[in-house]
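Visitor: What follows is a single structure, and I will ask about it in a moment.
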Amino acid sequence: MNRIIITAKTHPVLEQTLVKNGYDVLYLPSITSVELIEIIHTAMGVVVATNIGIDRELIDRGTKLQWIARLGSGMDHIDTEYAASKNIQCLSSPEGNRDSVAEHALGMLLNIMNNISRAQRQTMEGKWIREENRGTELKGKTVGIIGYGNTGSAFAGLLSSFGVNILAYDKYKVGFGNNIVKEVGFDELCSRADVISLHVPLNNETLKMADSSFFSTLSH
């Protein structure tokens with residue numbers, strides 16, 4: 001049976017396209033891990049977001065599984081190595097949410113630099129604390145981006161209109177520098193950047209990347 005289980009809310013076009021191509025689709029955006037484990041043996045493919053973790057137990061129960069698809073980019077909640085040992089392909093769609101993640105990162109940066117959340121809370125309490133909440137403009141600042149994949153490059157694109165200097169480092173990518181983004185080494189980025197934004201996947205290599213050693217390299 002060519003059954004696919006969709007375990008998260010997604011655009012109707014996904015289910016429609018799969019059905020059009022002859023797949024039996026179970027659209028269950030509210031399903032829990034406990035419920036999924038009871039039916040995963042019927043599926044050749046499963047589509048997940050961050051609401052469902054795919055561990056060894058689920059993979060073992062998915063005796064017909066051929067692939068696991070991730071809505072979004074992060075794969076840290078999926079045991080990809082164990083899946084590969086079972087010849088199960090793991091796929092992600094980092095291009096799908098790169099713009100929304102980049103916009104969210106920009107929103108958080110502007111929020112921090114302009115004390116928006118703090119000022120809003122104080123205003124709700126009837127306080128008007130103007131001087132202490134004066135912000136800092138992005139223009140003229142140097143922003144360092146660690147990880148220049150889908151979201152990192154999208155973030156750089158948004159920053160380009162703010163008059164900032166953009167530095168970027170990616171351990172696995174070279175030759176991406178252009179007239180907007182300067183490709184630099186990790187140490188140079190840390191020593192020069194006023195703002196650092198990390199856009200890397202969570203895995204054994206990046207876990208606790210921002211440790212005491214990382215912060216000790218920051219010059220200001």
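Simple scheme: letters A, B, ... for chains in structure tokens order, numbers from 1 for residues in each chain, numbers from 1 for ligands in the order shown.
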Would you list the contacts of region 171-179 of chain A as a count of residues only, taking every protein, DNA or RNA residue within 8 Å and counting only C-alpha atoms, but skipping same-chain residues closer than 4 positions in sequence?

Guide: 3

Visitor: Can you list, as a PyMOL selection string, every protein, DNA or RNA residue that comes within 9 Å of region 40-55 of chain A when you count only C-alpha atoms, leaving out same-chain residues fewer than 6 positions away?

Guide: chain A and resi 1-9+30-33+61-72+74-80+82-83

Visitor: Go through A:Lys182, A:Asp211, A:Asn133, A:Lys20 and flag the residue nearest Gln120 (chain A), using only C-alpha atoms for the distances.

Guide: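 The shortest atom-to-atom distance to Gln120 (chain A) comes from A:Asn133.
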
Visitor: Do a neighbour search on Leu207 (chain A) at 12 Å with only C-alpha atoms, toss out local chain neighbours closer than 6 positions, and write the hits as JSON, numbers by chain.

Guide: {"A": [76, 198, 200, 201]}

Visitor: For the residues selected in the previous step, produce a file with C-alpha atoms as a short mmCIF file (atom, residue, chain, number, x, y, z; two decimals), in the first residue's frame.

Guide:
data_model
loop_
_atom_site.label_atom_id
_atom_site.label_comp_id
_atom_site.auth_asym_id
_atom_site.auth_seq_id
_atom_site.Cartn_x
_atom_site.Cartn_y
_atom_site.Cartn_z
CA ASP A 76 17.63 17.07 15.02
CA LEU A 198 23.66 31.68 13.94
CA VAL A 200 23.25 26.24 11.57
CA PRO A 201 21.53 22.88 12.03
#

Visitor: In Å, with one decimal, what is the gap from CA of Asp194 (chain A) to CA of Gly144 (chain A)?

Guide: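 Taking CA of Asp194 (chain A) as the start and CA of Gly144 (chain A) as the end point, the length is 7.6 Å.
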
Visitor: So, with only C-alpha atoms as the atoms that count, which of A:Ser213, A:Asn150, A:Ser197, A:Asn115 lies closest to Ala168 (chain A)?

Guide: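 Nearest to Ala168 (chain A): A:Ser197.
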
Visitor: As a PyMOL selection string, please: every residue in region 50-82 of chain A that a backbone DSSP assignment puts in helix (DSSP H, G or I).

Guide: chain A and resi 56-61+80-82

Visitor: Of the candidates A:Thr142, A:Ser100, A:Ser117, A:Thr217, which one gets nearest to Ile196 (chain A) if we count only C-alpha atoms?

Guide: A:Thr142

Visitor: Could you check the closest approach to Asn97 (chain A) for each of A:Met124, A:Gly135, A:Ile145, A:Gly152 and tell me which residue wins, using only C-alpha atoms?

Guide: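 Closest to Asn97 (chain A) of all the choices is A:Gly152.
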
Visitor: Nearest to Gly157 (chain A): which of A:Glu81, A:Asp60, A:Glu103, A:Glu38 is it, counting only C-alpha atoms?

Guide: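 That would be A:Glu103, the residue with the smallest distance to Gly157 (chain A).
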
Visitor: Could you build a table of the residues in region 19-71 of chain A lying no more than 12 Å from region 12-15 of chain A, giving for each the nearest pair of atoms and their separation in Å rounded to one decimal place, using only C-alpha atoms, ordered by chain and ascending residue number, as a Markdown table?

Guide:
| residue | atom | partner | partner_atom | distance |
| --- | --- | --- | --- | --- |
| A:Val19 | CA | A:Glu15 | CA | 6.1 |
| A:Lys20 | CA | A:Glu15 | CA | 8.5 |
| A:Asn21 | CA | A:Glu15 | CA | 9.9 |
| A:Gly22 | CA | A:Glu15 | CA | 10.8 |
| A:Tyr23 | CA | A:Glu15 | CA | 9.1 |
| A:Asp24 | CA | A:Glu15 | CA | 9.4 |
| A:Val25 | CA | A:Glu15 | CA | 6.7 |
| A:Leu26 | CA | A:Glu15 | CA | 8.6 |
| A:Tyr27 | CA | A:Glu15 | CA | 7.4 |
| A:Leu28 | CA | A:Glu15 | CA | 11.0 |
| A:Pro29 | CA | A:Pro12 | CA | 11.7 |
| A:Val47 | CA | A:Leu14 | CA | 10.2 |
| A:Ala69 | CA | A:Leu14 | CA | 11.9 |
| A:Leu71 | CA | A:Leu14 | CA | 10.8 |

Visitor: Write the residues you've just listed into a file as a PDB file, in the first residue's frame, and include N, CA and C atoms for each of them.

Guide:
ATOM      1  N   VAL A  19      -2.346  12.702  -3.446  1.00  0.00           N
ATOM      2  CA  VAL A  19      -3.523  11.924  -3.839  1.00  0.00           C
ATOM      3  C   VAL A  19      -3.632  11.856  -5.357  1.00  0.00           C
ATOM      4  N   LYS A  20      -3.361  12.966  -6.014  1.00  0.00           N
ATOM      5  CA  LYS A  20      -3.415  13.025  -7.471  1.00  0.00           C
ATOM      6  C   LYS A  20      -2.438  12.045  -8.101  1.00  0.00           C
ATOM      7  N   ASN A  21      -1.334  11.802  -7.401  1.00  0.00           N
ATOM      8  CA  ASN A  21      -0.313  10.885  -7.911  1.00  0.00           C
ATOM      9  C   ASN A  21      -0.487   9.457  -7.413  1.00  0.00           C
ATOM     10  N   GLY A  22      -1.668   9.171  -6.876  1.00  0.00           N
ATOM     11  CA  GLY A  22      -2.009   7.795  -6.550  1.00  0.00           C
ATOM     12  C   GLY A  22      -1.676   7.314  -5.160  1.00  0.00           C
ATOM     13  N   TYR A  23      -1.335   8.215  -4.247  1.00  0.00           N
ATOM     14  CA  TYR A  23      -1.000   7.805  -2.890  1.00  0.00           C
ATOM     15  C   TYR A  23      -2.228   7.849  -1.976  1.00  0.00           C
ATOM     16  N   ASP A  24      -2.229   6.957  -1.018  1.00  0.00           N
ATOM     17  CA  ASP A  24      -3.253   6.927   0.015  1.00  0.00           C
ATOM     18  C   ASP A  24      -2.739   7.784   1.168  1.00  0.00           C
ATOM     19  N   VAL A  25      -3.382   8.919   1.401  1.00  0.00           N
ATOM     20  CA  VAL A  25      -2.863   9.895   2.361  1.00  0.00           C
ATOM     21  C   VAL A  25      -3.730   9.949   3.611  1.00  0.00           C
ATOM     22  N   LEU A  26      -3.080   9.847   4.766  1.00  0.00           N
ATOM     23  CA  LEU A  26      -3.740  10.084   6.046  1.00  0.00           C
ATOM     24  C   LEU A  26      -3.247  11.430   6.555  1.00  0.00           C
ATOM     25  N   TYR A  27      -4.150  12.404   6.571  1.00  0.00           N
ATOM     26  CA  TYR A  27      -3.791  13.740   7.049  1.00  0.00           C
ATOM     27  C   TYR A  27      -4.214  13.849   8.510  1.00  0.00           C
ATOM     28  N   LEU A  28      -3.233  13.758   9.408  1.00  0.00           N
ATOM     29  CA  LEU A  28      -3.500  13.688  10.843  1.00  0.00           C
ATOM     30  C   LEU A  28      -2.641  14.718  11.587  1.00  0.00           C
ATOM     31  N   PRO A  29      -2.943  16.005  11.427  1.00  0.00           N
ATOM     32  CA  PRO A  29      -2.092  17.052  12.002  1.00  0.00           C
ATOM     33  C   PRO A  29      -2.089  17.108  13.524  1.00  0.00           C
ATOM     34  N   VAL A  47       5.395  12.320   6.915  1.00  0.00           N
ATOM     35  CA  VAL A  47       5.750  13.735   6.858  1.00  0.00           C
ATOM     36  C   VAL A  47       5.601  14.307   8.256  1.00  0.00           C
ATOM     37  N   ALA A  69       9.964  12.662   5.621  1.00  0.00           N
ATOM     38  CA  ALA A  69      10.088  14.029   5.100  1.00  0.00           C
ATOM     39  C   ALA A  69       9.820  15.040   6.205  1.00  0.00           C
ATOM     40  N   LEU A  71       8.921  18.879   7.283  1.00  0.00           N
ATOM     41  CA  LEU A  71       8.392  20.183   6.893  1.00  0.00           C
ATOM     42  C   LEU A  71       9.262  21.243   7.560  1.00  0.00           C
TER      43      LEU A  71
END
